[in-house]
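*Asks:* Below is the structure I would like to discuss, written out as structure tokens.
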Amino acid sequence: MAITRGQILKELVPGLNAIFGTEYARYENEHAVLFDEETSNRAFEEEVLFPGFGEASTKFEGQAVSYGNTGEGYVSRYTNETVAMAFSITEEAMEDNLYDKLSTRLTKALARSMASAKQTKAANVFNNAFSTSYTGGDGQPLVSGSHPQAYGTNGSNKPSSYADLSETSLETGLIDIAGYKDDKGVPIAAQGRTLHVPRQSVFIAERLMASPYRPGSSDNDVNAVKSTGMLPGGYFVNHRFTDTDAWFIRTDAPNGTKMFTRAAIATNMEGDFETGNVRYKSRERYSFGWSDWRGVYGSTGA
């Protein structure tokens, strides 16, 4: 339905002091620290696991060498989706210059709508990280203790018991990350890179990350997380995380959480011959997901 003069009638009233509702500040690009961004030129992108070999075995004198066995593993698919928003304004409203008066606010509202959709879709990868209804290529959610591996045992990117963010749980997470193995059971040199929390945990994260001494302690012990530099990227707050005590660590394992951009944001306008209305549209196409679960460590909180 087109925006009519009746819907924006106050714009015609002399002496109107202010119009409000579209001038709020925005939480900008919070998805950027959660995903590595790549471009796409297809309807979907696929990435396949190749597990390599396990550790080499000893060859005793006179005995044959052992042959390794490998092959492709699971496939992760990123399906690009189109996100769009539009509005239309009547010919009569255009004639009365109402669009000229409202153009800045209408375009800001359109941009706000598009940006909010992207941030929500990105955050939902983490909001659904523990749900078996949202699984990756290996058939498990992003955060799970049952990621199937080629050498027979399951991999885990979660604590044995979920816990709220604290000095102890954060250190446990970093220790667990340092114990990650590849699909053939070979240890990898993974390290935490950034901590990600909802707004409800911002003060806890600041105490854990900023103080040179142990938080909440009268002892003169150093803050081990800070002094060792085990989270060099610091922490980030995401205002669209829905679980008030869940927290995540992004690691330096490659091909973890990713965003593919198929078409960057673009805007168009055109007139409608029959009605004389003018239509405005904004559109972009992208996808969010993950390939290697080792790129993330997470806890739902206690």
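If you're wondering about the labels, chains in the structure tokens are A, B, ... by order shown, residues count from 1 in each chain, ligands from 1 in order shown.
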List every residue of range 30-70 of chain A that has an atom at most 12 Å from any atom of range 112-128 of chain A, giving for each one its closest atom pair and the distance in Å to one decimal, counting only C-alpha atoms, sorted by chain and then by ascending residue number, as JSON lines.
*Replies:*
{"residue": "A:Glu30", "atom": "CA", "partner": "A:Gln119", "partner_atom": "CA", "distance": 6.6}
{"residue": "A:His31", "atom": "CA", "partner": "A:Ala122", "partner_atom": "CA", "distance": 5.8}
{"residue": "A:Ala32", "atom": "CA", "partner": "A:Ala122", "partner_atom": "CA", "distance": 9.1}
{"residue": "A:Val33", "atom": "CA", "partner": "A:Ala122", "partner_atom": "CA", "distance": 10.4}
{"residue": "A:Leu34", "atom": "CA", "partner": "A:Ala122", "partner_atom": "CA", "distance": 7.9}
{"residue": "A:Phe35", "atom": "CA", "partner": "A:Ala122", "partner_atom": "CA", "distance": 8.3}
{"residue": "A:Asp36", "atom": "CA", "partner": "A:Ala122", "partner_atom": "CA", "distance": 11.6}
{"residue": "A:Glu37", "atom": "CA", "partner": "A:Ala122", "partner_atom": "CA", "distance": 11.7}
*Asks:* Mind writing the picked residues with C-alpha atoms as a PDB file, in the first residue's frame?
*Replies:*
ATOM      1  CA  GLU A  30      28.007  -6.064  14.944  1.00  0.00           C
ATOM      2  CA  HIS A  31      28.073  -9.052  12.600  1.00  0.00           C
ATOM      3  CA  ALA A  32      31.513  -8.104  11.252  1.00  0.00           C
ATOM      4  CA  VAL A  33      33.397  -9.467  14.290  1.00  0.00           C
ATOM      5  CA  LEU A  34      31.392 -12.703  14.289  1.00  0.00           C
ATOM      6  CA  PHE A  35      32.005 -13.777  10.692  1.00  0.00           C
ATOM      7  CA  ASP A  36      34.764 -13.811   8.107  1.00  0.00           C
ATOM      8  CA  GLU A  37      33.273 -12.241   4.985  1.00  0.00           C
TER       9      GLU A  37
END
*Asks:* Please provide the set of residues having any atom within 10 Å of range 164-166 of chain A, restricted to only C-alpha atoms, with same-chain residues fewer than 5 positions apart removed, written as a list in words.
*Replies:* Glu171, Thr172, Gly173, Val197, Ser201, Ile204, Ala205, Arg207, Leu208, Pro215, Thr244, Asp245, Ala246, Trp247, Phe248, Ser299, Thr300, Gly301 and Ala302 of chain A
*Asks:* Kindly indicate which residue among A:Ser57, A:Thr194, A:Asn80, A:Thr104 lies nearest to Leu174 in chain A, using only C-alpha atoms for the distances.
*Replies:*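 Result for the nearest residue to Leu174 in chain A: A:Thr194.
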*Asks:* Which one is closest to Lys108 in chain A: A:Ile3, A:Glu274, A:Ala25, A:Gly298? Count only C-alpha atoms.
*Replies:*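 Among A:Ile3, A:Glu274, A:Ala25, A:Gly298, it is A:Ala25 that comes nearest to Lys108 in chain A.
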*Asks:* Can you tell me how far CA of Gly73 in chain A sits from CA of Val296 in chain A, in Å to one decimal?
*Replies:*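 The value is 19.4 Å.
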*Asks:* Which residues of range 251-289 of chain A sit at most 12 Å from range 134-139 of chain A, using only C-alpha atoms? Give each one's shortest atom pair and distance in Å (one decimal place), in chain and ascending residue order, as CSV.
*Replies:*
residue,atom,partner,partner_atom,distance
A:Gly256,CA,A:Gly136,CA,11.2
A:Thr257,CA,A:Gly136,CA,10.8
A:Phe288,CA,A:Gly136,CA,11.4
A:Gly289,CA,A:Gly136,CA,8.0
*Asks:* Please, could you write that set of residues out with C-alpha atoms as a short mmCIF file (atom, residue, chain, number, x, y, z; two decimals), in the first residue's frame?
*Replies:*
data_model
loop_
_atom_site.label_atom_id
_atom_site.label_comp_id
_atom_site.auth_asym_id
_atom_site.auth_seq_id
_atom_site.Cartn_x
_atom_site.Cartn_y
_atom_site.Cartn_z
CA GLY A 256 34.77 -21.20 11.03
CA THR A 257 31.80 -18.84 10.90
CA PHE A 288 25.53 -16.68 7.16
CA GLY A 289 26.77 -20.02 8.49
#
*Asks:* Please, which residues of range 53-297 of chain A, numbered as in this document, come out alpha helix (DSSP H) from DSSP, as a PyMOL selection string?
*Replies:* chain A and resi 91-95+98-127+167-178+202-210+224-228
*Asks:* Using only C-alpha atoms, which of the listed residues (A:Ala84, A:Ala64, A:Leu102, A:Ala129) sits closest to Thr242 in chain A?
*Replies:*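 Of the candidates, the smallest distance to Thr242 in chain A is held by A:Ala129.
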*Asks:* Among the residues of range 77-254 of chain A, find those DSSP assigns to strand (DSSP E) from the backbone and print them as an mmCIF file with N, CA and C atoms, in the first residue's frame.
*Replies:*
data_model
loop_
_atom_site.group_PDB
_atom_site.id
_atom_site.type_symbol
_atom_site.label_atom_id
_atom_site.label_comp_id
_atom_site.auth_asym_id
_atom_site.auth_seq_id
_atom_site.Cartn_x
_atom_site.Cartn_y
_atom_site.Cartn_z
ATOM 1 N N ARG A 77 26.994 -26.065 3.410
ATOM 2 C CA ARG A 77 26.393 -25.276 2.329
ATOM 3 C C ARG A 77 25.864 -23.947 2.874
ATOM 4 N N TYR A 78 26.183 -22.887 2.144
ATOM 5 C CA TYR A 78 25.683 -21.552 2.447
ATOM 6 C C TYR A 78 24.736 -21.152 1.318
ATOM 7 N N THR A 79 23.460 -21.033 1.617
ATOM 8 C CA THR A 79 22.471 -20.666 0.602
ATOM 9 C C THR A 79 22.175 -19.178 0.703
ATOM 10 N N GLU A 81 20.346 -15.779 0.434
ATOM 11 C CA GLU A 81 18.951 -15.361 0.433
ATOM 12 C C GLU A 81 18.851 -13.876 0.141
ATOM 13 N N THR A 82 17.771 -13.499 -0.495
ATOM 14 C CA THR A 82 17.529 -12.108 -0.838
ATOM 15 C C THR A 82 16.750 -11.438 0.285
ATOM 16 N N VAL A 83 17.222 -10.284 0.711
ATOM 17 C CA VAL A 83 16.547 -9.494 1.738
ATOM 18 C C VAL A 83 16.200 -8.146 1.120
ATOM 19 N N ALA A 84 14.950 -7.721 1.235
ATOM 20 C CA ALA A 84 14.517 -6.497 0.579
ATOM 21 C C ALA A 84 13.442 -5.793 1.398
ATOM 22 N N MET A 85 13.348 -4.490 1.198
ATOM 23 C CA MET A 85 12.308 -3.668 1.805
ATOM 24 C C MET A 85 11.977 -2.557 0.818
ATOM 25 N N ALA A 86 10.707 -2.194 0.744
ATOM 26 C CA ALA A 86 10.287 -1.165 -0.207
ATOM 27 C C ALA A 86 9.197 -0.303 0.411
ATOM 28 N N PHE A 87 9.015 0.874 -0.162
ATOM 29 C CA PHE A 87 7.861 1.697 0.173
ATOM 30 C C PHE A 87 7.420 2.445 -1.077
ATOM 31 N N SER A 88 6.174 2.868 -1.069
ATOM 32 C CA SER A 88 5.601 3.593 -2.197
ATOM 33 C C SER A 88 4.896 4.831 -1.683
ATOM 34 N N ILE A 89 4.952 5.898 -2.438
ATOM 35 C CA ILE A 89 4.304 7.137 -2.036
ATOM 36 C C ILE A 89 3.418 7.617 -3.182
ATOM 37 N N GLY A 192 42.019 -18.997 21.389
ATOM 38 C CA GLY A 192 40.926 -18.048 21.401
ATOM 39 C C GLY A 192 41.370 -16.702 20.845
ATOM 40 N N ARG A 193 40.473 -16.028 20.149
ATOM 41 C CA ARG A 193 40.811 -14.742 19.541
ATOM 42 C C ARG A 193 39.962 -13.613 20.120
ATOM 43 N N THR A 194 38.648 -13.818 20.212
ATOM 44 C CA THR A 194 37.755 -12.784 20.739
ATOM 45 C C THR A 194 36.650 -13.429 21.571
ATOM 46 N N LEU A 195 36.173 -12.676 22.556
ATOM 47 C CA LEU A 195 35.061 -13.088 23.407
ATOM 48 C C LEU A 195 33.821 -12.313 22.983
ATOM 49 N N HIS A 196 32.664 -12.999 22.940
ATOM 50 C CA HIS A 196 31.420 -12.374 22.487
ATOM 51 C C HIS A 196 30.322 -12.638 23.511
ATOM 52 N N VAL A 197 29.687 -11.567 23.945
ATOM 53 C CA VAL A 197 28.718 -11.662 25.036
ATOM 54 C C VAL A 197 27.476 -10.839 24.718
ATOM 55 N N TYR A 235 36.967 -8.285 23.792
ATOM 56 C CA TYR A 235 35.591 -8.773 23.818
ATOM 57 C C TYR A 235 34.676 -7.827 23.043
ATOM 58 N N PHE A 236 33.528 -8.377 22.614
ATOM 59 C CA PHE A 236 32.536 -7.606 21.873
ATOM 60 C C PHE A 236 31.153 -7.937 22.410
ATOM 61 N N VAL A 237 30.308 -6.929 22.421
ATOM 62 C CA VAL A 237 28.922 -7.090 22.847
ATOM 63 C C VAL A 237 28.036 -7.151 21.613
ATOM 64 N N TRP A 247 27.641 -17.181 26.185
ATOM 65 C CA TRP A 247 28.842 -16.484 25.745
ATOM 66 C C TRP A 247 29.622 -17.377 24.792
ATOM 67 N N PHE A 248 30.429 -16.744 23.953
ATOM 68 C CA PHE A 248 31.147 -17.457 22.901
ATOM 69 C C PHE A 248 32.577 -16.939 22.781
ATOM 70 N N ILE A 249 33.456 -17.827 22.366
ATOM 71 C CA ILE A 249 34.819 -17.454 22.003
ATOM 72 C C ILE A 249 35.020 -17.807 20.532
ATOM 73 N N ARG A 250 35.430 -16.848 19.739
ATOM 74 C CA ARG A 250 35.861 -17.156 18.376
ATOM 75 C C ARG A 250 37.347 -17.494 18.417
ATOM 76 N N THR A 251 37.728 -18.548 17.719
ATOM 77 C CA THR A 251 39.111 -18.984 17.720
ATOM 78 C C THR A 251 39.785 -18.600 16.403
#
*Asks:* Excluding same-chain residues fewer than 3 positions from Ser66 in chain A, what lies within 12 Å of it counting only C-alpha atoms, as a PyMOL selection string?
*Replies:* chain A and resi 53-60+63+69
*Asks:* Restrict the selected residues to C-alpha atoms and save them as a CSV table (one decimal), in the first residue's frame.
*Replies:*
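out_15.csv written:
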chain,number,residue,atom,x,y,z
A,53,PHE,CA,46.0,-38.3,7.8
A,54,GLY,CA,46.6,-39.3,11.4
A,55,GLU,CA,50.0,-39.4,13.0
A,56,ALA,CA,52.6,-41.4,11.2
A,57,SER,CA,53.5,-44.8,12.8
A,58,THR,CA,56.9,-46.3,13.4
A,59,LYS,CA,58.3,-48.5,10.6
A,60,PHE,CA,60.4,-51.3,12.0
A,63,GLN,CA,58.5,-54.3,7.7
A,69,ASN,CA,43.6,-43.5,4.4
